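Visitor: My structure file query-v7.cif, mmCIF, C-alpha atoms and all ligand atoms, is below:
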```
data_data
loop_
_atom_site.label_atom_id
_atom_site.label_comp_id
_atom_site.auth_asym_id
_atom_site.auth_seq_id
_atom_site.Cartn_x
_atom_site.Cartn_y
_atom_site.Cartn_z
CA MET A 1 -17.11 9.47 -45.59
CA SER A 2 -17.11 5.86 -44.42
CA PHE A 3 -14.43 3.68 -42.84
CA SER A 4 -14.59 1.29 -45.79
CA SER A 5 -13.34 4.00 -48.14
CA LEU A 6 -10.19 4.44 -46.07
CA GLY A 7 -8.57 1.10 -46.81
CA LEU A 8 -9.50 -0.90 -43.71
CA SER A 9 -9.85 -4.63 -44.19
CA PRO A 10 -13.13 -6.46 -43.48
CA ALA A 11 -11.76 -7.69 -40.13
CA LEU A 12 -10.96 -4.16 -38.98
CA LEU A 13 -14.25 -2.83 -40.34
CA ARG A 14 -16.05 -5.37 -38.20
CA ALA A 15 -14.04 -4.26 -35.18
CA VAL A 16 -14.89 -0.62 -35.90
CA ARG A 17 -18.59 -1.49 -35.96
CA GLU A 18 -18.23 -3.36 -32.69
CA GLN A 19 -16.75 -0.21 -31.18
CA GLY A 20 -19.91 1.63 -32.23
CA TYR A 21 -18.10 3.95 -34.64
CA HIS A 22 -20.32 4.72 -37.60
CA ALA A 23 -18.13 7.15 -39.47
CA PRO A 24 -14.53 8.27 -39.15
CA THR A 25 -13.68 11.47 -37.30
CA ALA A 26 -11.69 14.11 -39.18
CA VAL A 27 -8.33 12.94 -37.87
CA GLN A 28 -9.19 9.33 -38.67
CA ALA A 29 -10.24 10.18 -42.21
CA ALA A 30 -6.98 12.06 -42.73
CA ALA A 31 -4.59 9.72 -40.92
CA LEU A 32 -5.73 6.21 -41.80
CA PRO A 33 -4.66 6.09 -45.46
CA PRO A 34 -1.09 7.42 -44.96
CA ILE A 35 -0.53 5.26 -41.87
CA LEU A 36 -1.73 2.17 -43.75
CA ALA A 37 0.65 3.10 -46.55
CA GLY A 38 3.57 3.23 -44.11
CA ALA A 39 4.15 7.01 -44.21
CA ASP A 40 5.33 9.16 -41.32
CA VAL A 41 2.61 11.40 -39.92
CA LEU A 42 2.55 14.58 -37.86
CA ALA A 43 -1.00 15.02 -36.57
CA LEU A 44 -2.12 18.00 -34.53
CA ALA A 45 -5.26 16.74 -32.86
CA GLN A 46 -6.62 16.86 -29.37
CA THR A 47 -7.93 14.23 -27.06
CA GLY A 48 -11.56 13.73 -27.99
CA SER A 49 -10.82 13.95 -31.71
CA GLY A 50 -10.62 10.17 -32.05
CA LYS A 51 -6.84 10.27 -32.48
CA THR A 52 -6.22 7.00 -30.61
CA ALA A 53 -8.24 4.96 -33.08
CA ALA A 54 -6.62 7.00 -35.88
CA PHE A 55 -3.35 5.18 -35.22
CA ALA A 56 -4.60 2.04 -33.43
CA LEU A 57 -6.75 0.77 -36.31
CA PRO A 58 -4.23 1.03 -39.16
CA LEU A 59 -1.36 -0.24 -37.01
CA LEU A 60 -3.32 -3.32 -35.99
CA GLN A 61 -4.21 -3.94 -39.62
CA ARG A 62 -0.56 -3.71 -40.63
CA LEU A 63 0.41 -6.07 -37.83
CA ILE A 64 -2.03 -8.79 -38.79
CA THR A 65 -1.19 -8.62 -42.46
CA ALA A 66 2.63 -8.64 -41.99
CA PRO A 67 4.54 -11.93 -41.66
CA PRO A 68 4.89 -12.87 -37.98
CA ARG A 69 8.16 -12.24 -36.17
CA PRO A 70 9.23 -11.74 -32.58
CA GLY A 71 8.16 -8.38 -31.23
CA PRO A 72 7.50 -5.85 -30.11
CA ARG A 73 7.07 -4.24 -33.48
CA VAL A 74 5.05 -1.21 -32.46
CA LEU A 75 5.98 1.10 -29.60
CA VAL A 76 3.49 3.67 -28.32
CA LEU A 77 4.89 6.23 -25.89
CA ALA A 78 2.41 8.17 -23.77
CA PRO A 79 3.02 10.87 -21.14
CA THR A 80 0.73 9.50 -18.43
CA ARG A 81 -0.40 6.25 -16.97
CA GLU A 82 -4.05 7.08 -17.76
CA LEU A 83 -3.38 7.78 -21.41
CA ALA A 84 -1.19 4.67 -21.75
CA ALA A 85 -3.91 2.55 -20.13
CA GLN A 86 -6.67 3.99 -22.34
CA THR A 87 -4.64 3.42 -25.48
CA ALA A 88 -3.78 -0.15 -24.51
CA GLN A 89 -7.44 -0.76 -23.74
CA LEU A 90 -8.58 0.31 -27.20
CA LEU A 91 -5.83 -1.75 -28.84
CA ARG A 92 -6.85 -4.79 -26.77
CA ASP A 93 -10.55 -4.31 -27.45
CA VAL A 94 -9.95 -4.22 -31.17
CA ALA A 95 -7.30 -6.97 -31.12
CA ALA A 96 -9.74 -9.26 -29.28
CA LEU A 97 -12.03 -9.16 -32.31
CA LEU A 98 -9.34 -10.22 -34.76
CA LEU A 99 -8.53 -13.74 -35.81
CA HIS A 100 -4.79 -13.48 -35.18
CA ARG A 101 -4.82 -11.41 -32.08
CA PRO A 102 -1.82 -9.14 -31.69
CA ARG A 103 -0.57 -9.13 -28.12
CA ILE A 104 -0.64 -5.76 -26.40
CA ALA A 105 1.62 -5.03 -23.40
CA LEU A 106 1.18 -2.06 -21.08
CA ALA A 107 3.72 -0.56 -18.69
CA PHE A 108 3.84 2.56 -16.57
CA GLY A 109 5.66 3.74 -13.46
CA GLY A 110 4.41 4.17 -9.91
CA VAL A 111 3.63 0.46 -9.50
CA SER A 112 5.82 -2.62 -9.03
CA ILE A 113 7.82 -3.53 -12.12
CA ASN A 114 7.70 -7.29 -11.52
CA PRO A 115 4.23 -8.07 -12.88
CA GLN A 116 5.09 -6.02 -15.96
CA LEU A 117 8.31 -8.00 -16.44
CA MET A 118 6.39 -11.26 -16.01
CA ALA A 119 3.78 -10.19 -18.53
CA LEU A 120 6.48 -9.53 -21.11
CA ARG A 121 7.90 -13.05 -20.85
CA GLY A 122 5.39 -14.39 -23.34
CA GLY A 123 6.39 -11.64 -25.78
CA CYS A 124 4.24 -8.88 -27.24
CA ASP A 125 3.54 -7.24 -30.57
CA VAL A 126 2.63 -3.77 -29.34
CA MET A 127 4.22 -2.11 -26.32
CA VAL A 128 2.37 0.85 -24.81
CA ALA A 129 4.41 2.60 -22.13
CA THR A 130 5.45 5.75 -20.37
CA PRO A 131 9.09 6.52 -21.22
CA GLY A 132 10.65 6.14 -17.75
CA ARG A 133 9.18 2.70 -17.09
CA LEU A 134 10.03 1.54 -20.58
CA LEU A 135 13.71 2.29 -19.90
CA ASP A 136 13.47 0.45 -16.55
CA LEU A 137 12.09 -2.60 -18.34
CA ILE A 138 14.91 -2.48 -20.87
CA ASP A 139 17.46 -2.15 -18.05
CA HIS A 140 15.92 -5.29 -16.50
CA ASN A 141 16.25 -7.11 -19.84
CA GLY A 142 12.47 -7.24 -20.02
CA LEU A 143 12.39 -6.30 -23.70
CA LYS A 144 14.43 -5.08 -26.64
CA LEU A 145 13.50 -2.42 -29.12
CA ALA A 146 15.53 -3.71 -32.07
CA GLY A 147 12.41 -5.06 -33.83
CA ILE A 148 10.33 -1.87 -33.65
CA ASP A 149 9.16 -0.84 -37.07
CA CYS A 150 6.65 1.75 -35.93
CA LEU A 151 6.96 4.35 -33.18
CA VAL A 152 3.96 6.39 -32.01
CA LEU A 153 4.50 9.45 -29.83
CA ASP A 154 1.12 10.21 -28.33
CA GLU A 155 0.50 13.69 -26.92
CA ALA A 156 4.07 14.66 -27.78
CA ASP A 157 3.62 18.15 -26.34
CA ARG A 158 2.84 16.67 -22.94
CA LEU A 159 5.65 14.13 -23.25
CA LEU A 160 8.09 17.03 -23.65
CA GLY A 161 6.28 19.27 -21.16
CA GLN A 162 6.45 16.67 -18.42
CA GLY A 163 10.23 16.49 -18.51
CA PHE A 164 10.44 13.29 -20.56
CA ALA A 165 12.77 14.88 -23.14
CA ASP A 166 15.89 13.04 -21.87
CA GLU A 167 14.15 9.69 -21.53
CA LEU A 168 12.72 10.15 -24.98
CA GLN A 169 16.16 10.70 -26.49
CA ARG A 170 17.44 7.56 -24.72
CA VAL A 171 14.56 5.51 -26.12
CA LEU A 172 15.05 6.94 -29.61
CA ALA A 173 18.71 5.92 -29.54
CA LEU A 174 17.63 2.28 -29.05
CA LEU A 175 15.25 2.17 -32.00
CA PRO A 176 16.07 1.01 -35.51
CA VAL A 177 16.61 3.96 -37.82
CA ARG A 178 14.39 2.50 -40.54
CA ARG A 179 10.91 2.69 -39.17
CA GLN A 180 7.61 4.50 -39.44
CA THR A 181 7.10 7.33 -36.95
CA LEU A 182 3.77 8.88 -36.00
CA LEU A 183 3.71 11.99 -33.89
CA PHE A 184 0.44 13.11 -32.33
CA SER A 185 0.23 16.36 -30.42
CA ALA A 186 -2.57 18.68 -29.31
CA THR A 187 -0.40 21.74 -29.88
CA CYS A 188 2.73 22.46 -31.85
CA PRO A 189 5.17 24.47 -29.71
CA ALA A 190 8.78 24.91 -30.90
CA ALA A 191 9.94 21.82 -28.99
CA VAL A 192 7.44 19.61 -30.82
CA GLN A 193 8.39 21.16 -34.13
CA THR A 194 12.07 20.41 -33.44
CA LEU A 195 11.25 16.84 -32.44
CA ALA A 196 9.19 16.41 -35.60
CA GLU A 197 12.08 17.66 -37.72
CA GLN A 198 14.44 15.27 -35.95
CA LEU A 199 12.24 12.21 -36.26
CA LEU A 200 9.92 12.39 -39.21
CA ARG A 201 10.78 11.67 -42.81
CA ASP A 202 8.73 13.50 -45.34
CA PRO A 203 5.71 13.41 -43.03
CA VAL A 204 2.06 13.81 -43.96
CA ARG A 205 0.95 16.77 -41.89
CA ILE A 206 -2.58 16.75 -40.49
CA ASP A 207 -3.92 19.71 -38.62
CA ILE A 208 -7.31 19.13 -37.11
CA GLN A 209 -6.81 22.12 -34.84
CA GLU A 210 -7.05 24.51 -37.76
CA ALA A 211 -10.68 23.57 -38.20
CA ALA A 212 -11.52 24.21 -34.56
CA PRO A 213 -11.40 28.02 -34.42
CA GLN A 214 -13.69 28.05 -37.45
CA ILE A 215 -16.48 26.89 -35.19
CA LYS A 216 -17.73 29.56 -32.87
CA GLN A 217 -19.12 27.91 -29.76
CA ARG A 218 -21.89 29.52 -27.73
CA ALA A 219 -23.60 28.38 -24.54
CA ILE A 220 -26.97 29.90 -23.74
CA GLN A 221 -28.51 29.62 -20.30
CA LEU A 222 -32.28 29.36 -20.30
CA ASP A 223 -35.20 27.46 -18.84
CA ARG A 224 -36.25 24.18 -20.41
CA ALA A 225 -39.63 25.60 -21.27
CA GLN A 226 -37.98 28.41 -23.25
CA ARG A 227 -35.98 26.19 -25.55
CA LEU A 228 -38.46 26.02 -28.36
CA PRO A 229 -39.29 29.75 -28.47
CA ALA A 230 -35.58 30.54 -28.09
CA LEU A 231 -34.76 28.21 -30.97
CA ARG A 232 -37.34 29.91 -33.16
CA HIS A 233 -35.93 33.28 -32.15
CA LEU A 234 -32.39 32.17 -33.08
CA LEU A 235 -33.48 30.66 -36.37
CA LYS A 236 -35.10 33.97 -37.31
CA ASP A 237 -32.54 36.35 -35.88
CA GLU A 238 -29.34 34.64 -36.89
CA ALA A 239 -30.36 34.18 -40.49
CA TRP A 240 -28.83 30.72 -40.64
CA ASP A 241 -29.55 29.13 -43.95
CA ARG A 242 -29.22 25.55 -42.77
CA ALA A 243 -29.16 24.34 -39.20
CA LEU A 244 -28.91 20.98 -37.49
CA VAL A 245 -30.64 20.71 -34.13
CA PHE A 246 -29.62 17.85 -31.86
CA VAL A 247 -32.01 16.22 -29.43
CA ALA A 248 -31.78 13.13 -27.26
CA SER A 249 -34.70 11.04 -28.48
CA ARG A 250 -36.82 10.16 -31.48
CA TYR A 251 -39.81 11.59 -29.65
CA THR A 252 -38.24 15.01 -29.14
CA ALA A 253 -36.93 15.02 -32.71
CA GLU A 254 -40.47 14.59 -34.04
CA LEU A 255 -41.95 17.02 -31.53
CA VAL A 256 -39.51 19.86 -32.13
CA SER A 257 -39.61 19.38 -35.86
CA ASP A 258 -43.45 19.41 -35.86
CA LYS A 259 -43.59 22.55 -33.72
CA LEU A 260 -41.11 24.35 -35.93
CA PHE A 261 -43.02 23.28 -38.99
CA ALA A 262 -46.24 24.57 -37.46
CA HIS A 263 -44.52 27.93 -37.02
CA GLY A 264 -43.61 28.09 -40.68
CA PHE A 265 -40.06 26.76 -40.59
CA LYS A 266 -38.93 24.27 -43.18
CA ALA A 267 -38.18 21.63 -40.57
CA GLY A 268 -37.64 17.89 -40.79
CA ALA A 269 -36.74 15.11 -38.36
CA LEU A 270 -34.01 12.50 -38.63
CA HIS A 271 -33.80 9.62 -36.19
CA GLY A 272 -33.01 5.94 -36.03
CA GLU A 273 -36.57 4.74 -36.25
CA LEU A 274 -37.19 6.21 -39.67
CA SER A 275 -37.04 3.82 -42.58
CA GLN A 276 -34.01 4.06 -44.83
CA GLY A 277 -36.22 5.60 -47.50
CA ALA A 278 -37.57 8.27 -45.16
CA ARG A 279 -34.04 9.11 -44.02
CA SER A 280 -32.81 9.46 -47.57
CA ASP A 281 -35.81 11.68 -48.39
CA VAL A 282 -35.20 14.10 -45.55
CA LEU A 283 -31.49 14.27 -46.34
CA ALA A 284 -32.24 14.93 -49.99
CA ALA A 285 -34.69 17.65 -48.91
CA LEU A 286 -31.98 19.23 -46.77
CA LYS A 287 -29.58 19.15 -49.67
CA ALA A 288 -32.14 20.64 -52.02
CA GLY A 289 -33.11 23.34 -49.52
CA SER A 290 -36.74 22.34 -49.01
CA VAL A 291 -35.70 21.44 -45.46
CA LYS A 292 -33.62 24.11 -43.71
CA VAL A 293 -33.73 22.89 -40.13
CA LEU A 294 -33.02 19.26 -39.45
CA VAL A 295 -33.85 18.00 -35.95
CA ALA A 296 -31.81 14.88 -35.34
CA THR A 297 -30.63 12.36 -32.80
CA ASP A 298 -26.94 11.47 -32.48
CA VAL A 299 -27.28 8.03 -33.98
CA ALA A 300 -28.99 9.32 -37.09
CA ALA A 301 -26.54 12.16 -37.58
CA ARG A 302 -23.37 10.08 -37.34
CA GLY A 303 -21.47 10.29 -40.56
CA LEU A 304 -23.93 12.77 -41.98
CA HIS A 305 -22.17 14.94 -44.46
CA VAL A 306 -23.95 18.03 -45.59
CA ASP A 307 -21.97 20.89 -47.01
CA ALA A 308 -22.42 24.37 -45.61
CA LEU A 309 -24.35 23.81 -42.43
CA ASP A 310 -24.31 27.20 -40.75
CA ALA A 311 -25.20 26.10 -37.28
CA VAL A 312 -25.51 23.19 -34.93
CA VAL A 313 -27.81 23.62 -31.96
CA ASN A 314 -27.56 21.34 -28.96
CA TYR A 315 -31.21 21.59 -27.92
CA GLU A 316 -30.32 18.81 -25.51
CA LEU A 317 -26.70 18.24 -24.52
CA PRO A 318 -25.00 15.11 -25.81
CA ARG A 319 -24.14 12.36 -23.37
CA SER A 320 -20.41 12.38 -23.94
CA PRO A 321 -17.73 14.92 -24.84
CA ALA A 322 -16.93 12.76 -27.87
CA ASP A 323 -20.51 13.15 -29.09
CA TYR A 324 -20.21 16.91 -28.59
CA THR A 325 -17.11 16.99 -30.78
CA HIS A 326 -18.95 14.94 -33.35
CA ARG A 327 -22.00 17.18 -33.28
CA ILE A 328 -20.21 20.50 -33.56
CA GLY A 329 -17.99 19.06 -36.28
CA ARG A 330 -21.06 19.01 -38.56
CA THR A 331 -20.69 22.77 -38.98
CA GLY A 332 -17.69 24.85 -40.03
CA ARG A 333 -16.55 22.16 -42.44
CA ALA A 334 -14.01 22.48 -45.18
CA GLY A 335 -12.92 26.00 -44.37
CA ALA A 336 -16.46 27.39 -43.90
CA THR A 337 -17.24 29.08 -40.59
CA GLY A 338 -19.99 27.74 -38.40
CA VAL A 339 -21.58 28.25 -35.05
CA ALA A 340 -22.40 25.65 -32.39
CA VAL A 341 -24.99 26.73 -29.84
CA SER A 342 -25.67 24.73 -26.68
CA PHE A 343 -28.71 25.23 -24.50
CA ILE A 344 -27.81 24.98 -20.82
CA CYS A 345 -30.90 24.50 -18.68
CA ALA A 346 -30.46 24.93 -14.95
CA ASP A 347 -33.82 23.24 -14.41
CA SER A 348 -32.96 20.12 -16.40
CA ALA A 349 -33.08 16.74 -14.69
CA GLU A 350 -29.39 16.10 -15.29
CA ASN A 351 -27.14 18.89 -14.05
CA ALA A 352 -26.58 20.57 -17.40
CA GLU A 353 -24.10 23.14 -16.15
CA SER A 354 -21.71 20.61 -14.63
CA HIS A 355 -22.21 18.28 -17.58
CA PHE A 356 -21.24 21.07 -19.95
CA ARG A 357 -18.19 21.84 -17.82
CA VAL A 358 -16.99 18.26 -18.38
CA ILE A 359 -17.44 18.81 -22.11
CA GLU A 360 -15.45 22.06 -21.93
CA LYS A 361 -12.71 20.38 -19.96
CA ARG A 362 -12.33 17.62 -22.51
CA GLN A 363 -12.15 20.23 -25.24
CA GLY A 364 -9.67 22.32 -23.31
CA GLN A 365 -11.82 25.34 -24.04
CA ARG A 366 -14.16 27.48 -22.00
CA VAL A 367 -17.31 28.75 -23.69
CA PRO A 368 -18.71 31.97 -22.18
CA ARG A 369 -22.28 31.65 -20.87
CA GLU A 370 -24.83 33.93 -22.44
CA ARG A 371 -28.48 34.79 -21.94
CA LEU A 372 -30.83 35.85 -24.65
CA ASP A 373 -32.87 38.96 -24.09
CA GLY A 374 -36.37 37.89 -23.17
CA PHE A 375 -35.34 34.27 -22.48
CA GLU A 376 -33.40 34.73 -19.24
CA PRO A 377 -33.58 31.68 -16.97
CA THR A 378 -35.93 32.26 -14.07
CA ALA A 379 -34.08 29.84 -11.78
CA LEU A 380 -30.86 31.81 -12.09
CA ALA A 381 -32.59 35.17 -11.89
CA SER A 382 -34.29 34.29 -8.64
CA GLU A 383 -31.04 32.85 -7.27
CA ALA A 384 -29.29 36.12 -8.05
CA GLN A 385 -32.10 37.98 -6.35
CA ALA A 386 -31.92 35.78 -3.28
CA ALA A 387 -28.20 36.45 -3.12
CA GLY A 388 -28.89 40.20 -3.26
CA GLY A 389 -27.73 40.35 -6.87
CA ILE A 390 -28.47 43.36 -8.96
CA LYS A 391 -30.72 41.56 -11.40
CA SER A 392 -34.25 42.49 -10.52
CA THR A 393 -37.24 40.82 -12.04
CA THR A 394 -39.08 43.65 -13.67
CA ARG A 395 -42.74 43.39 -14.38
CA LYS A 396 -43.29 41.05 -17.28
CA SER A 397 -43.97 42.70 -20.59
CA LYS A 398 -46.86 41.58 -22.74
CA LYS A 399 -44.35 39.98 -25.10
CA ASP A 400 -42.79 38.02 -22.24
CA LYS A 401 -46.19 36.79 -21.14
CA LEU A 402 -46.97 35.66 -24.64
CA ARG A 403 -43.62 33.89 -24.85
CA GLU A 404 -44.25 32.15 -21.55
CA ALA A 405 -47.69 31.05 -22.65
CA ALA A 406 -46.27 29.71 -25.92
CA ALA A 407 -43.51 27.90 -24.04
CA LYS A 408 -45.99 26.38 -21.64
CA ALA A 409 -48.16 25.23 -24.52
CA ALA A 410 -45.08 23.66 -26.13
CA GLN A 411 -44.24 21.90 -22.90
CA ASP A 412 -47.74 20.68 -22.37
CA GLY A 413 -47.64 19.23 -25.84
CA HIS A 414 -44.36 17.51 -24.91
P1 LIG B 501 -9.60 10.02 -28.39
O1 LIG B 501 -9.46 11.36 -29.07
O2 LIG B 501 -8.81 8.97 -29.04
O3 LIG B 501 -9.33 10.13 -26.92
O4 LIG B 501 -11.13 9.54 -28.56
C1 LIG B 501 -12.19 10.20 -27.94
C2 LIG B 501 -13.45 9.38 -27.90
O5 LIG B 501 -14.01 9.30 -29.19
C3 LIG B 501 -13.30 7.94 -27.42
O6 LIG B 501 -14.25 7.75 -26.39
C4 LIG B 501 -13.63 7.09 -28.61
O7 LIG B 501 -14.33 5.92 -28.22
C5 LIG B 501 -14.51 7.99 -29.43
N1 LIG B 501 -14.38 7.77 -30.87
C6 LIG B 501 -13.23 7.61 -31.56
N2 LIG B 501 -13.49 7.46 -32.86
C7 LIG B 501 -14.82 7.51 -33.02
C8 LIG B 501 -15.71 7.43 -34.16
N3 LIG B 501 -15.24 7.27 -35.38
N4 LIG B 501 -17.02 7.51 -33.91
C9 LIG B 501 -17.48 7.70 -32.67
N5 LIG B 501 -16.72 7.80 -31.57
C10 LIG B 501 -15.40 7.71 -31.74
#
```
As structure tokens, what does this structure read like?
Ligand code: AMP
Guide:
Amino acid sequence: MSFSSLGLSPALLRAVREQGYHAPTAVQAAALPPILAGADVLALAQTGSGKTAAFALPLLQRLITAPPRPGPRVLVLAPTRELAAQTAQLLRDVAALLLHRPRIALAFGGVSINPQLMALRGGCDVMVATPGRLLDLIDHNGLKLAGIDCLVLDEADRLLGQGFADELQRVLALLPVRRQTLLFSATCPAAVQTLAEQLLRDPVRIDIQEAAPQIKQRAIQLDRAQRLPALRHLLKDEAWDRALVFVASRYTAELVSDKLFAHGFKAGALHGELSQGARSDVLAALKAGSVKVLVATDVAARGLHVDALDAVVNYELPRSPADYTHRIGRTGRAGATGVAVSFICADSAENAESHFRVIEKRQGQRVPRERLDGFEPTALASEAQAAGGIKSTTRKSKKDKLREAAAKAAQDGH
């Protein structure tokens, strides 16, 4: 799936490239066409899913293609100052790349209202605000909502949960009845359902959440040196037919793929420094089944669509929670179940455990830590011992010694 197949104009496609987005996320693929067509949308999608761009891109496109008139024409309501600021930032970043730049205004409470009133004097096309401050601005004659033709409720569950229900109803009473309404929410409690029924006309319903439980997430603690043998063990034991292994660099992609190949796995590497022809070949091989394990970097795997990938392995953790979402989204697609395994190495240079906690936080989900028999992390084991923990380091078995030797050899080759 590419952005160009979703109806974005060349100007917006350029802006998308500038943002570094290579392929649409699930919510973007589902939401862009109906929003561009002017339909109401109810989208259940969490932060991290790319939901902001899912409404920001089509709304900006509609703004620049519509005949100009005094604004604001789009109102985005957000529950918190941070979310409002982030949304306005994306809108401004994209708007700055357009020829006729829509003007984006931002307002939230907890700071003086005067600069916000001043900023509105020159007019705006898009108003991003928290509900309470928006009403204050209206009370101060800072703006009118009579020209709004699109309302976005972002994180509607939090808007209602944070006691904004009354303010919301006051704002709604000031809006024209004929308009497009987009409701984004991470969850769909009864209050959101009621709001959706009140506001949306014949909405397109998008549920990105439904796909999430289809991906079983696992986090395995182990030493760096054990990653390769542990990966081989998983590939054998789990009977995955097709797996995608993510690494951080071209070098590691080649290395891991070579080592797997040497151990008899049908492995291939995919990274940004391969020629287009070589990339196409390895993807075709994956499709045909002559490659079963693809070791890839993030850049190369963006937008990769391969049906029926059983597993994604984060051999090295991604830099950002958004990349994590992207990576694990390569499995469990279109109703199939998938597993996403992350290696958490206590002895990694970056603090993998705390990095993974940030990822979990952004996902709103905790992934239980596991250890694989025979691949227990030595750092943690000795910590537990030092703390008088019950885990004792038994004498190493012959198998363990062999594994360690193999791991060391792999590392030395690294
Ligand atoms: P959001 O769910 O809107 O908070 O977005 C989460 C993160 O995903 C943000 O950091 C965006 O920059 C990033 N993002 C959104 N869309 C894409 C995309 N199509 N490709 C890559 N990253 C994206």
Visitor: Need the shell around Asp157 of chain A: protein/DNA/RNA residues with any atom at most 7 Å away, counting all atoms listed in the file. Skip same-chain ones fewer than 5 positions apart. Format as a list in words?
Guide: Ser185, Ala186, Thr187 and Val192 of chain A
Visitor: Give the padded box for segment 173-181 of chain A as AutoDock Vina command-line options: axis-aligned, covering all atoms listed in the file, 6 Å on each side, centre and edge lengths in Å to one decimal.
Guide:
```
--center_x 12.9 --center_y 4.2 --center_z -34.8 --size_x 23.6 --size_y 18.3 --size_z 23.5
```
Visitor: Could you list, as a list in words, all protein and nucleic acid residues with an atom at most 6 Å from ligand LIG 501 (chain B), counting only C-alpha atoms and all ligand atoms?
Guide: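 I would give the residues around ligand LIG 501 (chain B) as Tyr21, His22, Ala23, Pro24, Thr25, Thr47, Gly48, Ser49, Gly50, Lys51, Thr52, Ala53 and Ala322 of chain A.
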Visitor: Atoms to include: C-alpha atoms. Write the selected residues as a PDB file, in the coordinates of the input.
Guide:
```pdb
ATOM      1  CA  TYR A  21     -18.100   3.950 -34.640  1.00  0.00           C
ATOM      2  CA  HIS A  22     -20.320   4.720 -37.600  1.00  0.00           C
ATOM      3  CA  ALA A  23     -18.130   7.150 -39.470  1.00  0.00           C
ATOM      4  CA  PRO A  24     -14.530   8.270 -39.150  1.00  0.00           C
ATOM      5  CA  THR A  25     -13.680  11.470 -37.300  1.00  0.00           C
ATOM      6  CA  THR A  47      -7.930  14.230 -27.060  1.00  0.00           C
ATOM      7  CA  GLY A  48     -11.560  13.730 -27.990  1.00  0.00           C
ATOM      8  CA  SER A  49     -10.820  13.950 -31.710  1.00  0.00           C
ATOM      9  CA  GLY A  50     -10.620  10.170 -32.050  1.00  0.00           C
ATOM     10  CA  LYS A  51      -6.840  10.270 -32.480  1.00  0.00           C
ATOM     11  CA  THR A  52      -6.220   7.000 -30.610  1.00  0.00           C
ATOM     12  CA  ALA A  53      -8.240   4.960 -33.080  1.00  0.00           C
ATOM     13  CA  ALA A 322     -16.930  12.760 -27.870  1.00  0.00           C
TER      14      ALA A 322
END
```
Visitor: Go ahead and compute the interatomic distance for atom CA of Glu197 of chain A and atom CA of Thr65 of chain A, in Å to one decimal.
Guide: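 Those two atoms sit 29.8 Å apart.
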Visitor: From the options A:Lys287, A:Arg242, A:Lys361, A:His100, which residue's atoms come nearest to Leu309 of chain A, counting all atoms listed in the file?
Guide: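 Smallest distance to Leu309 of chain A is found for A:Arg242.
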Visitor: Env of segment 7-13 of chain A: 8 Å cut, atoms = only C-alpha atoms, seq-sep filter 2 positions within chain, self excluded. Answer as a list in words.
Guide: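 Those residues are Phe3, Ser4, Ser5, Ala15, Val16, Arg17, Leu32, Pro33, Leu36, Leu57, Pro58, Gln61, Val94, Leu97 and Leu98 of chain A.
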Visitor: Would you mind exporting C-alpha atoms of the selected residues as a tab-separated table (two decimals), keeping the file's coordinate frame?
Guide:
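Final file, part_15.tsv:
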```tsv
chain	number	residue	atom	x	y	z
A	3	PHE	CA	-14.43	3.68	-42.84
A	4	SER	CA	-14.59	1.29	-45.79
A	5	SER	CA	-13.34	4.00	-48.14
A	15	ALA	CA	-14.04	-4.26	-35.18
A	16	VAL	CA	-14.89	-0.62	-35.90
A	17	ARG	CA	-18.59	-1.49	-35.96
A	32	LEU	CA	-5.73	6.21	-41.80
A	33	PRO	CA	-4.66	6.09	-45.46
A	36	LEU	CA	-1.73	2.17	-43.75
A	57	LEU	CA	-6.75	0.77	-36.31
A	58	PRO	CA	-4.23	1.03	-39.16
A	61	GLN	CA	-4.21	-3.94	-39.62
A	94	VAL	CA	-9.95	-4.22	-31.17
A	97	LEU	CA	-12.03	-9.16	-32.31
A	98	LEU	CA	-9.34	-10.22	-34.76
```
Visitor: Rank nothing, just name the residue among A:Asn314, A:Ser280, A:Thr130, A:Ser342 nearest to Ala253 of chain A, using all atoms listed in the file.
Guide: A:Asn314
Visitor: With only C-alpha atoms as the counted atoms, please give the residues lying no more than 10 Å from segment 74-86 of chain A, apart from itself and same-chain residues fewer than 4 positions off, as a PyMOL selection string.
Guide: chain A and resi 47+52+55-56+59-60+63+90-92+104-110+124-132+134+145+147-164+168+171+175+179-183
Visitor: If you measure from atom CA of His140 of chain A to atom CA of Arg69 of chain A, what distance in Å do you get, rounded to one decimal?
Guide: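 Between atom CA of His140 of chain A and atom CA of Arg69 of chain A the gap works out to 22.3 Å.
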Visitor: Work out how far apart atom CA of Ser275 of chain A and atom CA of Ala300 of chain A are and give it in Å to one decimal.
Guide: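 Between atom CA of Ser275 of chain A and atom CA of Ala300 of chain A the gap works out to 11.2 Å.
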Visitor: Of the residues A:Ala29, A:Asp202, A:Glu370, A:Pro68, which is the one nearest to Ala54 of chain A, using only C-alpha atoms?
Guide: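 Among the listed residues, the smallest separation from Ala54 of chain A belongs to A:Ala29.
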Visitor: Have a look at A:His263, A:Lys216, A:Arg224, A:Lys144 and name the one nearest to Leu317 of chain A; count all atoms listed in the file.
Guide: A:Arg224
Visitor: In terms of the shortest atom-to-atom distance over all atoms listed in the file, which of A:Arg362, A:Arg357, A:Pro70, A:Phe343 is closest to Leu222 of chain A?
Guide: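 Between A:Arg362, A:Arg357, A:Pro70, A:Phe343, the residue approaching Leu222 of chain A most closely is A:Phe343.
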Visitor: Which one is closest to Glu254 of chain A: A:Ala230, A:Val367, A:Ala311, A:Ala267? Count only C-alpha atoms.
Guide: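 Closest to Glu254 of chain A of all the choices is A:Ala267.
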